[in-house]
$ cat work_33.tsv   # TSV, C-alpha atoms
chain	number	residue	atom	x	y	z
A	1	MET	CA	3.82	-8.35	-23.06
A	2	THR	CA	2.16	-10.50	-20.37
A	3	ASN	CA	-1.53	-11.18	-21.03
A	4	LEU	CA	-3.46	-11.96	-17.85
A	5	SER	CA	-6.94	-11.31	-19.26
A	6	HIS	CA	-7.98	-14.92	-18.56
A	7	LEU	CA	-7.84	-14.12	-14.85
A	8	ARG	CA	-10.96	-11.94	-15.05
A	9	ARG	CA	-13.07	-15.07	-14.71
A	10	ASP	CA	-11.73	-15.42	-11.15
A	11	PHE	CA	-13.33	-12.12	-10.05
A	12	PRO	CA	-17.12	-12.44	-9.74
A	13	ILE	CA	-17.72	-8.70	-9.32
A	14	LEU	CA	-16.48	-8.11	-12.87
A	15	ARG	CA	-19.57	-9.97	-14.15
A	16	ARG	CA	-21.76	-7.12	-12.89
A	17	GLU	CA	-23.14	-4.43	-15.11
A	18	VAL	CA	-23.57	-0.74	-14.33
A	19	GLU	CA	-26.28	0.99	-16.36
A	20	GLY	CA	-25.97	-1.68	-19.02
A	21	HIS	CA	-22.17	-1.55	-19.12
A	22	PRO	CA	-19.83	-4.22	-17.77
A	23	VAL	CA	-17.84	-3.17	-14.70
A	24	ILE	CA	-14.38	-1.88	-15.64
A	25	PHE	CA	-12.55	-1.49	-12.36
A	26	LEU	CA	-9.67	1.01	-12.50
A	27	ASP	CA	-9.36	1.84	-8.81
A	28	SER	CA	-7.13	-0.93	-7.47
A	29	ALA	CA	-4.76	1.56	-5.85
A	30	ALA	CA	-7.59	2.29	-3.42
A	31	SER	CA	-8.63	-1.34	-2.97
A	32	ALA	CA	-8.34	-4.33	-5.27
A	33	GLN	CA	-11.08	-6.79	-6.13
A	34	LYS	CA	-11.09	-10.32	-4.68
A	35	PRO	CA	-10.70	-13.58	-6.60
A	36	ILE	CA	-12.77	-16.70	-5.92
A	37	PRO	CA	-9.98	-18.52	-4.00
A	38	VAL	CA	-9.86	-15.69	-1.44
A	39	LEU	CA	-13.65	-15.61	-1.10
A	40	ASP	CA	-13.82	-19.39	-0.80
A	41	ALA	CA	-11.07	-19.60	1.83
A	42	MET	CA	-12.81	-17.12	4.11
A	43	ASP	CA	-16.25	-18.64	3.53
A	44	ARG	CA	-14.91	-22.13	4.31
A	45	PHE	CA	-13.36	-20.92	7.54
A	46	TYR	CA	-16.55	-19.24	8.74
A	47	ARG	CA	-18.72	-22.21	7.73
A	48	SER	CA	-16.68	-25.13	9.00
A	49	GLN	CA	-13.49	-24.09	10.82
A	50	TYR	CA	-14.31	-21.03	12.90
A	51	ALA	CA	-12.99	-20.62	16.45
A	52	ASN	CA	-10.79	-18.19	18.30
A	53	VAL	CA	-7.06	-18.79	18.14
A	54	HIS	CA	-4.32	-19.45	20.69
A	55	ARG	CA	-6.86	-19.90	23.48
A	56	GLY	CA	-8.53	-23.29	23.19
A	57	ALA	CA	-7.49	-26.87	23.77
A	58	TYR	CA	-10.31	-28.13	21.57
A	59	ARG	CA	-9.95	-29.21	17.95
A	60	LEU	CA	-11.61	-26.23	16.24
A	61	SER	CA	-9.40	-23.74	18.06
A	62	GLN	CA	-6.31	-25.73	17.25
A	63	GLU	CA	-7.25	-25.88	13.57
A	64	ALA	CA	-8.00	-22.15	13.49
A	65	THR	CA	-4.68	-21.42	15.18
A	66	GLU	CA	-2.82	-23.50	12.63
A	67	LEU	CA	-4.54	-21.67	9.75
A	68	TYR	CA	-3.77	-18.30	11.32
A	69	GLU	CA	-0.12	-19.09	11.91
A	70	ASP	CA	0.17	-20.64	8.46
A	71	ALA	CA	-0.91	-17.26	7.08
A	72	ARG	CA	1.98	-15.69	8.97
A	73	ARG	CA	4.40	-18.23	7.47
A	74	ARG	CA	3.06	-17.61	3.96
A	75	VAL	CA	3.46	-13.85	4.26
A	76	ALA	CA	6.98	-14.29	5.62
A	77	ARG	CA	7.93	-16.39	2.59
A	78	PHE	CA	6.25	-13.92	0.24
A	79	ILE	CA	8.54	-11.06	1.30
A	80	ASN	CA	11.48	-13.35	2.23
A	81	ALA	CA	11.45	-12.47	5.92
A	82	GLY	CA	14.02	-14.24	8.04
A	83	SER	CA	11.33	-15.73	10.29
A	84	PRO	CA	7.54	-15.74	10.61
A	85	ASP	CA	8.09	-14.02	13.97
A	86	GLU	CA	9.05	-10.88	12.03
A	87	ILE	CA	5.49	-10.66	10.68
A	88	ILE	CA	3.01	-8.67	12.78
A	89	PHE	CA	-0.62	-8.64	11.71
A	90	THR	CA	-2.27	-5.23	12.00
A	91	LYS	CA	-5.50	-3.70	10.73
A	92	GLY	CA	-3.62	-2.30	7.73
A	93	THR	CA	-0.79	-0.06	6.61
A	94	THR	CA	-2.21	2.92	8.48
A	95	THR	CA	-2.33	1.03	11.77
A	96	ALA	CA	1.20	-0.26	11.23
A	97	LEU	CA	2.58	3.23	10.61
A	98	ASN	CA	0.67	4.66	13.57
A	99	GLY	CA	1.99	1.85	15.74
A	100	LEU	CA	5.54	2.59	14.67
A	101	SER	CA	5.16	6.31	15.31
A	102	SER	CA	3.66	5.83	18.76
A	103	SER	CA	6.03	3.05	19.84
A	104	TRP	CA	9.36	3.66	18.15
A	105	GLY	CA	8.79	7.36	17.68
A	106	TYR	CA	7.86	8.32	21.23
A	107	ASP	CA	10.66	6.21	22.69
A	108	HIS	CA	13.45	7.36	20.37
A	109	LEU	CA	12.70	10.99	19.49
A	110	GLU	CA	13.34	14.19	21.39
A	111	ALA	CA	13.59	17.91	20.64
A	112	GLY	CA	16.14	18.59	17.93
A	113	ASP	CA	15.74	15.22	16.22
A	114	ARG	CA	14.48	15.04	12.66
A	115	ILE	CA	11.93	12.89	10.82
A	116	VAL	CA	12.42	12.84	7.04
A	117	LEU	CA	9.51	12.29	4.65
A	118	SER	CA	9.02	13.03	0.96
A	119	MET	CA	6.55	15.35	-0.74
A	120	MET	CA	4.61	12.43	-2.22
A	121	GLU	CA	3.62	10.63	0.96
A	122	HIS	CA	0.11	9.35	1.69
A	123	HIS	CA	-1.54	10.96	4.71
A	124	ALA	CA	-1.02	7.68	6.59
A	125	ASN	CA	2.71	8.35	6.37
A	126	VAL	CA	2.39	12.04	7.27
A	127	VAL	CA	-0.17	12.53	10.04
A	128	PRO	CA	1.27	9.94	12.49
A	129	TRP	CA	4.65	11.66	12.27
A	130	GLN	CA	3.06	15.07	12.75
A	131	LEU	CA	1.51	13.76	15.96
A	132	VAL	CA	4.76	12.32	17.29
A	133	ALA	CA	6.71	15.44	16.29
A	134	LYS	CA	4.26	17.63	18.20
A	135	ARG	CA	4.60	15.45	21.30
A	136	THR	CA	8.38	15.06	21.23
A	137	GLY	CA	9.59	18.33	19.76
A	138	ALA	CA	11.15	16.57	16.77
A	139	GLU	CA	11.20	18.36	13.42
A	140	LEU	CA	9.57	17.18	10.19
A	141	VAL	CA	11.66	17.65	7.04
A	142	TYR	CA	10.30	17.01	3.55
A	143	VAL	CA	12.49	15.97	0.64
A	144	PRO	CA	11.31	17.63	-2.61
A	145	LEU	CA	10.60	15.92	-5.91
A	146	THR	CA	12.46	16.41	-9.16
A	147	THR	CA	10.72	17.75	-12.25
A	148	GLY	CA	10.47	14.10	-13.30
A	149	TYR	CA	8.37	13.28	-10.22
A	150	ASP	CA	11.13	11.31	-8.48
A	151	ILE	CA	12.55	11.84	-4.99
A	152	ASP	CA	15.41	14.31	-5.29
A	153	LEU	CA	18.35	12.20	-4.13
A	154	ASP	CA	20.72	15.18	-4.01
A	155	ALA	CA	18.30	16.94	-1.68
A	156	LEU	CA	18.04	13.77	0.37
A	157	ARG	CA	21.83	13.62	0.74
A	158	SER	CA	21.92	17.20	1.95
A	159	THR	CA	19.11	16.50	4.42
A	160	ILE	CA	20.45	13.35	6.08
A	161	ASP	CA	22.74	13.97	9.04
A	162	SER	CA	23.16	12.88	12.66
A	163	ARG	CA	19.98	14.70	13.68
A	164	VAL	CA	17.84	12.41	11.50
A	165	LYS	CA	16.38	9.53	13.50
A	166	ILE	CA	13.59	8.34	11.18
A	167	VAL	CA	13.23	8.28	7.40
A	168	SER	CA	9.79	7.11	6.28
A	169	LEU	CA	9.04	6.92	2.56
A	170	THR	CA	6.55	5.38	0.20
A	171	GLY	CA	7.68	2.36	-1.80
A	172	MET	CA	5.36	3.44	-4.62
A	173	SER	CA	3.37	6.65	-4.85
A	174	ASN	CA	-0.38	6.13	-4.92
A	175	VAL	CA	-0.72	9.28	-7.06
A	176	LEU	CA	2.31	9.41	-9.32
A	177	GLY	CA	3.18	5.73	-9.53
A	178	THR	CA	6.80	6.65	-8.72
A	179	ILE	CA	8.89	3.77	-7.34
A	180	PRO	CA	11.80	5.32	-5.44
A	181	PRO	CA	15.18	3.54	-5.67
A	182	MET	CA	14.98	2.22	-2.11
A	183	GLN	CA	18.34	0.46	-2.02
A	184	GLN	CA	20.08	3.63	-3.17
A	185	ILE	CA	18.11	5.62	-0.61
A	186	SER	CA	19.09	3.12	2.06
A	187	ASP	CA	22.75	3.52	1.18
A	188	ILE	CA	22.45	7.30	1.56
A	189	VAL	CA	20.68	7.01	4.91
A	190	ARG	CA	23.15	4.41	6.30
A	191	ALA	CA	26.20	6.38	5.21
A	192	GLN	CA	25.11	9.61	6.86
A	193	SER	CA	23.03	8.69	9.92
A	194	GLU	CA	21.84	5.97	12.27
A	195	ALA	CA	18.20	6.57	11.33
A	196	VAL	CA	15.71	3.78	10.88
A	197	LEU	CA	14.27	3.51	7.37
A	198	ILE	CA	10.55	2.77	7.11
A	199	VAL	CA	8.86	1.86	3.83
A	200	ASP	CA	5.13	2.33	3.22
A	201	GLY	CA	4.65	-0.65	0.93
A	202	ALA	CA	0.88	-0.39	0.49
A	203	GLN	CA	1.18	0.12	-3.28
A	204	LEU	CA	4.49	-1.67	-3.82
A	205	VAL	CA	3.98	-5.12	-2.30
A	206	PRO	CA	0.85	-6.01	-4.34
A	207	HIS	CA	2.64	-5.39	-7.65
A	208	VAL	CA	6.40	-5.82	-7.32
A	209	GLU	CA	8.43	-8.68	-5.90
A	210	VAL	CA	9.73	-7.42	-2.54
A	211	ASP	CA	12.62	-9.07	-0.71
A	212	VAL	CA	13.14	-7.52	2.70
A	213	GLN	CA	16.64	-8.97	2.80
A	214	THR	CA	17.70	-6.65	-0.02
A	215	LEU	CA	15.15	-3.82	0.26
A	216	GLY	CA	17.38	-1.91	2.63
A	217	ALA	CA	14.59	-1.02	5.08
A	218	ASP	CA	14.22	-1.57	8.81
A	219	PHE	CA	10.43	-1.71	8.69
A	220	LEU	CA	7.90	-2.41	5.92
A	221	ALA	CA	4.13	-1.92	6.16
A	222	PHE	CA	1.46	-3.09	3.71
A	223	SER	CA	-2.24	-3.97	3.47
A	224	ALA	CA	-4.05	-7.09	2.31
A	225	HIS	CA	-6.92	-5.32	0.58
A	226	LYS	CA	-4.69	-3.83	-2.13
A	227	MET	CA	-3.20	-7.26	-2.92
A	228	LEU	CA	-6.48	-9.05	-3.71
A	229	GLY	CA	-7.10	-9.91	-0.06
A	230	PRO	CA	-9.69	-8.72	2.47
A	231	THR	CA	-9.96	-5.43	4.30
A	232	GLY	CA	-9.18	-5.23	7.99
A	233	ILE	CA	-5.74	-6.81	7.95
A	234	GLY	CA	-2.26	-5.62	7.10
A	235	VAL	CA	1.33	-6.44	7.93
A	236	LEU	CA	4.20	-4.79	9.71
A	237	TRP	CA	7.55	-6.44	9.06
A	238	GLY	CA	10.51	-5.35	11.12
A	239	LYS	CA	14.04	-6.39	11.82
A	240	PRO	CA	13.90	-8.72	14.84
A	241	GLU	CA	16.28	-6.74	17.03
A	242	LEU	CA	14.18	-3.61	16.53
A	243	LEU	CA	10.91	-5.43	17.21
A	244	GLU	CA	12.37	-6.82	20.42
A	245	GLU	CA	13.36	-3.32	21.51
A	246	MET	CA	9.96	-1.76	20.81
A	247	GLU	CA	7.18	-1.39	23.34
A	248	PRO	CA	3.67	-2.57	22.35
A	249	TRP	CA	1.24	0.11	21.18
A	250	GLU	CA	-1.88	-1.73	22.36
A	251	GLY	CA	-2.57	-3.59	25.58
A	252	GLY	CA	-4.95	-6.42	26.38
A	253	GLY	CA	-5.35	-10.11	25.80
A	254	GLU	CA	-2.89	-12.18	23.79
A	255	MET	CA	0.01	-9.71	24.04
A	256	ILE	CA	0.83	-10.40	27.69
A	257	SER	CA	3.04	-12.86	29.50
A	258	THR	CA	1.95	-11.97	33.03
A	259	VAL	CA	-0.43	-9.40	34.50
A	260	ASP	CA	-0.75	-8.24	38.08
A	261	LEU	CA	-2.48	-5.23	39.56
A	262	TYR	CA	0.24	-2.72	38.78
A	263	GLU	CA	2.57	-4.19	36.20
A	264	SER	CA	2.58	-6.54	33.23
A	265	THR	CA	5.15	-8.31	31.10
A	266	TRP	CA	4.86	-8.94	27.40
A	267	ALA	CA	4.54	-12.03	25.26
A	268	PRO	CA	7.30	-12.71	22.71
A	269	VAL	CA	7.28	-11.02	19.30
A	270	PRO	CA	5.02	-11.07	17.29
A	271	GLN	CA	2.27	-11.73	19.87
A	272	LYS	CA	3.53	-8.68	21.82
A	273	PHE	CA	1.99	-6.48	19.13
A	274	GLU	CA	-1.26	-8.39	18.52
A	275	ALA	CA	-3.58	-7.45	21.38
A	276	GLY	CA	-7.09	-8.86	21.45
A	277	THR	CA	-8.81	-11.26	19.10
A	278	PRO	CA	-6.95	-10.99	15.81
A	279	PRO	CA	-8.47	-10.81	12.29
A	280	ILE	CA	-8.48	-14.59	11.86
A	281	ALA	CA	-10.64	-14.97	8.77
A	282	GLU	CA	-8.89	-12.01	7.20
A	283	ALA	CA	-5.48	-13.62	7.78
A	284	ILE	CA	-6.74	-16.74	6.05
A	285	GLY	CA	-7.98	-14.58	3.18
A	286	LEU	CA	-4.60	-12.87	3.01
A	287	ALA	CA	-2.88	-16.26	2.84
A	288	ALA	CA	-5.12	-17.22	-0.08
A	289	ALA	CA	-4.36	-13.91	-1.82
A	290	VAL	CA	-0.63	-14.46	-1.38
A	291	HIS	CA	-0.96	-17.94	-2.86
A	292	TYR	CA	-2.95	-16.54	-5.79
A	293	LEU	CA	-0.30	-13.89	-6.51
A	294	GLU	CA	2.47	-16.47	-6.24
A	295	GLU	CA	0.69	-18.77	-8.69
A	296	ILE	CA	0.59	-15.95	-11.24
A	297	GLY	CA	4.15	-14.89	-10.42
A	298	MET	CA	5.16	-11.43	-9.27
A	299	ASN	CA	7.40	-10.99	-12.31
A	300	ALA	CA	4.43	-11.66	-14.57
A	301	ILE	CA	2.34	-9.17	-12.60
A	302	ARG	CA	5.05	-6.55	-12.90
A	303	SER	CA	5.35	-7.15	-16.65
A	304	HIS	CA	1.57	-6.88	-16.98
A	305	ASP	CA	1.53	-3.57	-15.07
A	306	LEU	CA	4.34	-2.14	-17.17
A	307	ASP	CA	2.58	-3.05	-20.40
A	308	LEU	CA	-0.73	-1.54	-19.31
A	309	THR	CA	0.89	1.61	-17.95
A	310	GLU	CA	2.91	2.17	-21.12
A	311	TYR	CA	-0.18	1.61	-23.24
A	312	ALA	CA	-2.28	3.90	-21.02
A	313	LEU	CA	0.26	6.72	-21.18
A	314	HIS	CA	0.38	6.40	-24.97
A	315	ARG	CA	-3.40	6.49	-25.31
A	316	LEU	CA	-3.81	9.31	-22.78
A	317	GLY	CA	-1.31	11.31	-24.84
A	318	GLU	CA	-3.89	11.26	-27.65
A	319	VAL	CA	-6.46	13.14	-25.55
A	320	PRO	CA	-6.26	16.94	-25.99
A	321	ASP	CA	-6.10	19.09	-22.85
A	322	LEU	CA	-5.02	16.14	-20.71
A	323	VAL	CA	-2.09	16.56	-18.29
A	324	GLN	CA	-0.56	13.44	-16.80
A	325	TYR	CA	1.37	13.48	-13.52
A	326	GLY	CA	4.14	10.93	-13.02
A	327	PRO	CA	7.50	9.72	-14.32
A	328	THR	CA	7.97	9.20	-18.03
A	329	ASP	CA	10.36	6.32	-17.38
A	330	ILE	CA	8.03	3.32	-17.31
A	331	LYS	CA	10.47	1.14	-15.39
A	332	SER	CA	10.52	3.53	-12.44
A	333	ARG	CA	6.77	3.59	-11.93
A	334	GLY	CA	3.82	1.33	-11.18
A	335	GLY	CA	0.36	0.87	-12.65
A	336	VAL	CA	-1.08	4.18	-11.45
A	337	VAL	CA	-1.93	7.06	-13.80
A	338	SER	CA	-3.14	10.43	-12.46
A	339	PHE	CA	-4.32	13.19	-14.76
A	340	THR	CA	-6.39	16.33	-15.21
A	341	LEU	CA	-8.50	17.19	-18.24
A	342	GLY	CA	-8.65	20.89	-19.07
A	343	ASP	CA	-10.87	22.69	-16.58
A	344	VAL	CA	-13.15	19.68	-16.06
A	345	HIS	CA	-13.25	18.82	-12.37
A	346	PRO	CA	-11.93	15.30	-11.66
A	347	HIS	CA	-15.18	14.44	-9.87
A	348	ASP	CA	-17.10	15.25	-13.05
A	349	ILE	CA	-14.71	13.04	-15.02
A	350	ALA	CA	-15.30	10.19	-12.59
A	351	THR	CA	-19.08	10.63	-12.78
A	352	ILE	CA	-19.11	10.53	-16.58
A	353	LEU	CA	-16.87	7.47	-16.61
A	354	ASP	CA	-19.07	5.77	-14.01
A	355	SER	CA	-22.06	6.15	-16.35
A	356	ARG	CA	-20.09	3.90	-18.70
A	357	GLY	CA	-19.30	1.35	-15.98
A	358	ILE	CA	-15.73	2.61	-15.50
A	359	SER	CA	-14.53	3.05	-11.91
A	360	VAL	CA	-11.75	5.59	-11.37
A	361	ARG	CA	-10.78	7.61	-8.30
A	362	ALA	CA	-11.08	11.40	-8.17
A	363	GLY	CA	-9.84	13.75	-5.48
A	364	HIS	CA	-6.67	14.40	-3.52
A	365	HIS	CA	-6.02	10.66	-2.96
A	366	CYS	CA	-5.07	11.24	0.69
A	367	ALA	CA	-2.05	13.20	-0.52
A	368	LYS	CA	-3.01	16.86	-0.10
A	369	PRO	CA	0.57	18.12	0.37
A	370	LEU	CA	1.48	16.50	-2.95
A	371	MET	CA	-1.55	18.07	-4.65
A	372	ALA	CA	-0.41	21.48	-3.43
A	373	ASP	CA	3.09	20.77	-4.69
A	374	LEU	CA	1.66	19.84	-8.10
A	375	GLY	CA	-0.41	23.01	-8.18
A	376	VAL	CA	-3.77	21.23	-8.39
A	377	THR	CA	-6.59	20.57	-5.94
A	378	ALA	CA	-7.38	17.12	-7.29
A	379	THR	CA	-6.71	14.64	-10.08
A	380	ALA	CA	-8.48	11.72	-11.64
A	381	ARG	CA	-6.64	8.42	-11.23
A	382	ALA	CA	-6.78	5.10	-13.04
A	383	SER	CA	-4.95	2.18	-11.46
A	384	PHE	CA	-4.53	-1.38	-12.65
A	385	HIS	CA	-4.28	-4.93	-11.39
A	386	VAL	CA	-4.19	-8.41	-12.87
A	387	TYR	CA	-7.82	-8.32	-14.07
A	388	ASN	CA	-7.33	-5.29	-16.30
A	389	GLY	CA	-6.42	-5.31	-19.98
A	390	ARG	CA	-5.79	-2.93	-22.86
A	391	ASP	CA	-9.49	-2.97	-23.68
A	392	ASP	CA	-10.14	-1.34	-20.29
A	393	VAL	CA	-7.72	1.45	-21.24
A	394	ASP	CA	-9.49	1.86	-24.59
A	395	ALA	CA	-12.82	2.20	-22.77
A	396	LEU	CA	-11.26	4.82	-20.48
A	397	ILE	CA	-10.08	6.85	-23.47
A	398	GLU	CA	-13.51	6.72	-25.09
A	399	GLY	CA	-15.02	7.97	-21.84
A	400	LEU	CA	-12.56	10.84	-21.64
A	401	HIS	CA	-13.42	11.92	-25.18
A	402	GLU	CA	-17.07	11.92	-24.15
A	403	ALA	CA	-16.22	14.09	-21.15
A	404	ARG	CA	-14.43	16.56	-23.42
A	405	SER	CA	-17.43	16.71	-25.67
A	406	LEU	CA	-19.93	17.17	-22.84
A	407	PHE	CA	-17.91	20.01	-21.37
A	408	GLY	CA	-17.38	21.70	-24.71
A	409	LEU	CA	-13.58	21.47	-24.86
A	410	SER	CA	-12.29	22.47	-28.26
A	411	GLU	CA	-10.42	20.05	-30.52
A	412	GLY	CA	-7.82	22.62	-31.54

$ encode --input "work_33.tsv" --output "structure tokens"
Amino acid sequence: MTNLSHLRRDFPILRREVEGHPVIFLDSAASAQKPIPVLDAMDRFYRSQYANVHRGAYRLSQEATELYEDARRRVARFINAGSPDEIIFTKGTTTALNGLSSSWGYDHLEAGDRIVLSMMEHHANVVPWQLVAKRTGAELVYVPLTTGYDIDLDALRSTIDSRVKIVSLTGMSNVLGTIPPMQQISDIVRAQSEAVLIVDGAQLVPHVEVDVQTLGADFLAFSAHKMLGPTGIGVLWGKPELLEEMEPWEGGGEMISTVDLYESTWAPVPQKFEAGTPPIAEAIGLAAAVHYLEEIGMNAIRSHDLDLTEYALHRLGEVPDLVQYGPTDIKSRGGVVSFTLGDVHPHDIATILDSRGISVRAGHHCAKPLMADLGVTATARASFHVYNGRDDVDALIEGLHEARSLFGLSEG
């Protein structure tokens, strides 16, 4: 068991109270809270270091540029990229996936080609591919889940063939917590097709040590705000030869080499994909978040998540009428627990818990196809990060018992 409870002091928002109750934040899968080092780094930049990057010969611009590019280097080391040039800053995972679909997808897909997704994808990894499929005539194919809430690898094997040009899968489900065996999936894809493999790492990268050299993917997308950093910035990592081949998905300043009236040429990667003034302060905040996670250690974070998830599943099993959705094998899942409670609507559960200072998510979690596959319209979801402890789980269970009582669910 890894106890990280001492880290709560680093998160000022957790000192707040809601209706006389301390804030218990169990919605980190949506967006994680920010520690003091991240807040301080961004505040310091705005107060004493602010300038635009890459454009000025004066000292402030040079300092800002160095901080911005240092963030790129830190992120590259964090995921073991071969070079900082493989790191493209975007607005977030959604922007990265949309950029891939509009750049790689439109240039490499045609009628008869296939795009393979799974039934547990976030809308950000569904809708962009629907758009590109409609424009190109490519076909979307969904791999089903097993009864244990894992990707059905046998079904994947039967799906992958020469028609498949793109396979885009979550690295960790934001609803089920499932962590697909990406290296095994990569082996299946490589053996049976020449498709590119894209990983939506929004939930994975903040909680599990990710090494892109061994992940087996061609592209990886993730967001800063789920890994204790700011909103408004994310990362697209790609293999350099693929990034060189791709066309930019936005045009404007910074991403050009030359511009004349009728034609332009592009700057080298990664600048080719970073049009306009970038999220400078946010990149600095992301660098601080990466440093904070590294100081804790990703193995310690993973151990902490496993302990909390195992404890939460045990305690949730004590609550009558509760149905939990996700793998039973703790080692194949992350710190996300989705559930229903009898006929109580998940929004009502969330409202009752909020009256006790407990923040959980309720709804379809931007995964409506998965909800339909599960046979529900919505679930409640508790998700953990480094500032949570077993006492937060205990408070959640007490709140669920109150919800049962308020809605008159029987004990038998």

$ axis_aligned_box --input "work_33.tsv" --around "region 243-248 of chain A" --padding-each-side "3 Å" --output "AutoDock Vina command-line options"
--center_x 8.5 --center_y -4.1 --center_z 20.3 --size_x 15.7 --size_y 11.4 --size_z 12.1

$ closest_residue --input "work_33.tsv" --among "A:Gly137, A:Gly99, A:Pro84, A:Gly238" --to "Gly112 (chain A)" --atoms "only C-alpha atoms"
A:Gly137

$ closest_residue --input "work_33.tsv" --among "A:Ala283, A:Ile36, A:Leu243, A:Met42" --to "Val75 (chain A)" --atoms "all atoms listed in the file"
A:Ala283

$ residues_around --input "work_33.tsv" --residues "region 210-222 of chain A" --least-positions-apart "3" --cutoff "9 Å" --atoms "only C-alpha atoms" --output "PDB file with C-alpha atoms, in the coordinates of the input"
ATOM      1  CA  PHE A  78       6.250 -13.920   0.240  1.00  0.00           C
ATOM      2  CA  ILE A  79       8.540 -11.060   1.300  1.00  0.00           C
ATOM      3  CA  ASN A  80      11.480 -13.350   2.230  1.00  0.00           C
ATOM      4  CA  ALA A  81      11.450 -12.470   5.920  1.00  0.00           C
ATOM      5  CA  GLY A  82      14.020 -14.240   8.040  1.00  0.00           C
ATOM      6  CA  GLY A  92      -3.620  -2.300   7.730  1.00  0.00           C
ATOM      7  CA  THR A  93      -0.790  -0.060   6.610  1.00  0.00           C
ATOM      8  CA  THR A  94      -2.210   2.920   8.480  1.00  0.00           C
ATOM      9  CA  ALA A  96       1.200  -0.260  11.230  1.00  0.00           C
ATOM     10  CA  LEU A  97       2.580   3.230  10.610  1.00  0.00           C
ATOM     11  CA  LEU A 100       5.540   2.590  14.670  1.00  0.00           C
ATOM     12  CA  MET A 182      14.980   2.220  -2.110  1.00  0.00           C
ATOM     13  CA  GLN A 183      18.340   0.460  -2.020  1.00  0.00           C
ATOM     14  CA  GLN A 184      20.080   3.630  -3.170  1.00  0.00           C
ATOM     15  CA  ILE A 185      18.110   5.620  -0.610  1.00  0.00           C
ATOM     16  CA  SER A 186      19.090   3.120   2.060  1.00  0.00           C
ATOM     17  CA  ASP A 187      22.750   3.520   1.180  1.00  0.00           C
ATOM     18  CA  VAL A 196      15.710   3.780  10.880  1.00  0.00           C
ATOM     19  CA  LEU A 197      14.270   3.510   7.370  1.00  0.00           C
ATOM     20  CA  ILE A 198      10.550   2.770   7.110  1.00  0.00           C
ATOM     21  CA  VAL A 199       8.860   1.860   3.830  1.00  0.00           C
ATOM     22  CA  ASP A 200       5.130   2.330   3.220  1.00  0.00           C
ATOM     23  CA  GLY A 201       4.650  -0.650   0.930  1.00  0.00           C
ATOM     24  CA  ALA A 202       0.880  -0.390   0.490  1.00  0.00           C
ATOM     25  CA  GLN A 203       1.180   0.120  -3.280  1.00  0.00           C
ATOM     26  CA  LEU A 204       4.490  -1.670  -3.820  1.00  0.00           C
ATOM     27  CA  VAL A 205       3.980  -5.120  -2.300  1.00  0.00           C
ATOM     28  CA  PRO A 206       0.850  -6.010  -4.340  1.00  0.00           C
ATOM     29  CA  HIS A 207       2.640  -5.390  -7.650  1.00  0.00           C
ATOM     30  CA  LYS A 226      -4.690  -3.830  -2.130  1.00  0.00           C
ATOM     31  CA  GLY A 234      -2.260  -5.620   7.100  1.00  0.00           C
ATOM     32  CA  VAL A 235       1.330  -6.440   7.930  1.00  0.00           C
ATOM     33  CA  LEU A 236       4.200  -4.790   9.710  1.00  0.00           C
ATOM     34  CA  TRP A 237       7.550  -6.440   9.060  1.00  0.00           C
ATOM     35  CA  GLY A 238      10.510  -5.350  11.120  1.00  0.00           C
ATOM     36  CA  LYS A 239      14.040  -6.390  11.820  1.00  0.00           C
ATOM     37  CA  LEU A 242      14.180  -3.610  16.530  1.00  0.00           C
TER      38      LEU A 242
END

$ atom_distance --input "work_33.tsv" --atom1 "CA of Gly251 (chain A)" --atom2 "CA of Glu139 (chain A)"
28.6 Å

$ atom_distance --input "work_33.tsv" --atom1 "CA of Pro320 (chain A)" --atom2 "CA of His347 (chain A)"
18.6 Å

$ residues_around --input "work_33.tsv" --residues "Gly105 (chain A)" --least-positions-apart "6" --cutoff "12 Å" --atoms "all atoms listed in the file" --output "ChimeraX atom specification"
/A:97-99,111,113-115,128-138,165-168,195-196,198,246-247,249

$ residues_around --input "work_33.tsv" --residues "His364 (chain A)" --least-positions-apart "3" --cutoff "12 Å" --atoms "only C-alpha atoms" --output "JSON, numbers by chain"
{"A": [120, 121, 122, 123, 174, 175, 176, 338, 339, 340, 345, 346, 347, 361, 367, 368, 369, 370, 371, 372, 373, 374, 375, 376, 377, 378, 379, 380, 381]}

$ residues_around --input "work_33.tsv" --residues "Pro240 (chain A)" --least-positions-apart "3" --cutoff "8 Å" --atoms "only C-alpha atoms" --output "number ranges by chain"
A: 85-86, 243-244

$ write_last_selection --input "work_33.tsv" --atoms "C-alpha atoms" --output "PDB file, in the coordinates of the input"
ATOM      1  CA  ASP A  85       8.090 -14.020  13.970  1.00  0.00           C
ATOM      2  CA  GLU A  86       9.050 -10.880  12.030  1.00  0.00           C
ATOM      3  CA  LEU A 243      10.910  -5.430  17.210  1.00  0.00           C
ATOM      4  CA  GLU A 244      12.370  -6.820  20.420  1.00  0.00           C
TER       5      GLU A 244
END

$ closest_residue --input "work_33.tsv" --among "A:Asp10, A:Asp329, A:Glu250, A:Asp27" --to "Asp392 (chain A)" --atoms "only C-alpha atoms"
A:Asp27

$ closest_residue --input "work_33.tsv" --among "A:Pro279, A:Gly297, A:Gly335, A:Gly285" --to "Leu313 (chain A)" --atoms "all atoms listed in the file"
A:Gly335

$ residues_around --input "work_33.tsv" --residues "Ser162 (chain A)" --least-positions-apart "2" --cutoff "8 Å" --atoms "only C-alpha atoms" --output "list in words"
Ile160, Val164, Lys165, Gln192, Ser193 and Glu194 of chain A

$ write_last_selection --input "work_33.tsv" --atoms "C-alpha atoms" --output "short mmCIF file (atom, residue, chain, number, x, y, z; two decimals), in the coordinates of the input"
data_model
loop_
_atom_site.label_atom_id
_atom_site.label_comp_id
_atom_site.auth_asym_id
_atom_site.auth_seq_id
_atom_site.Cartn_x
_atom_site.Cartn_y
_atom_site.Cartn_z
CA ILE A 160 20.45 13.35 6.08
CA VAL A 164 17.84 12.41 11.50
CA LYS A 165 16.38 9.53 13.50
CA GLN A 192 25.11 9.61 6.86
CA SER A 193 23.03 8.69 9.92
CA GLU A 194 21.84 5.97 12.27
#
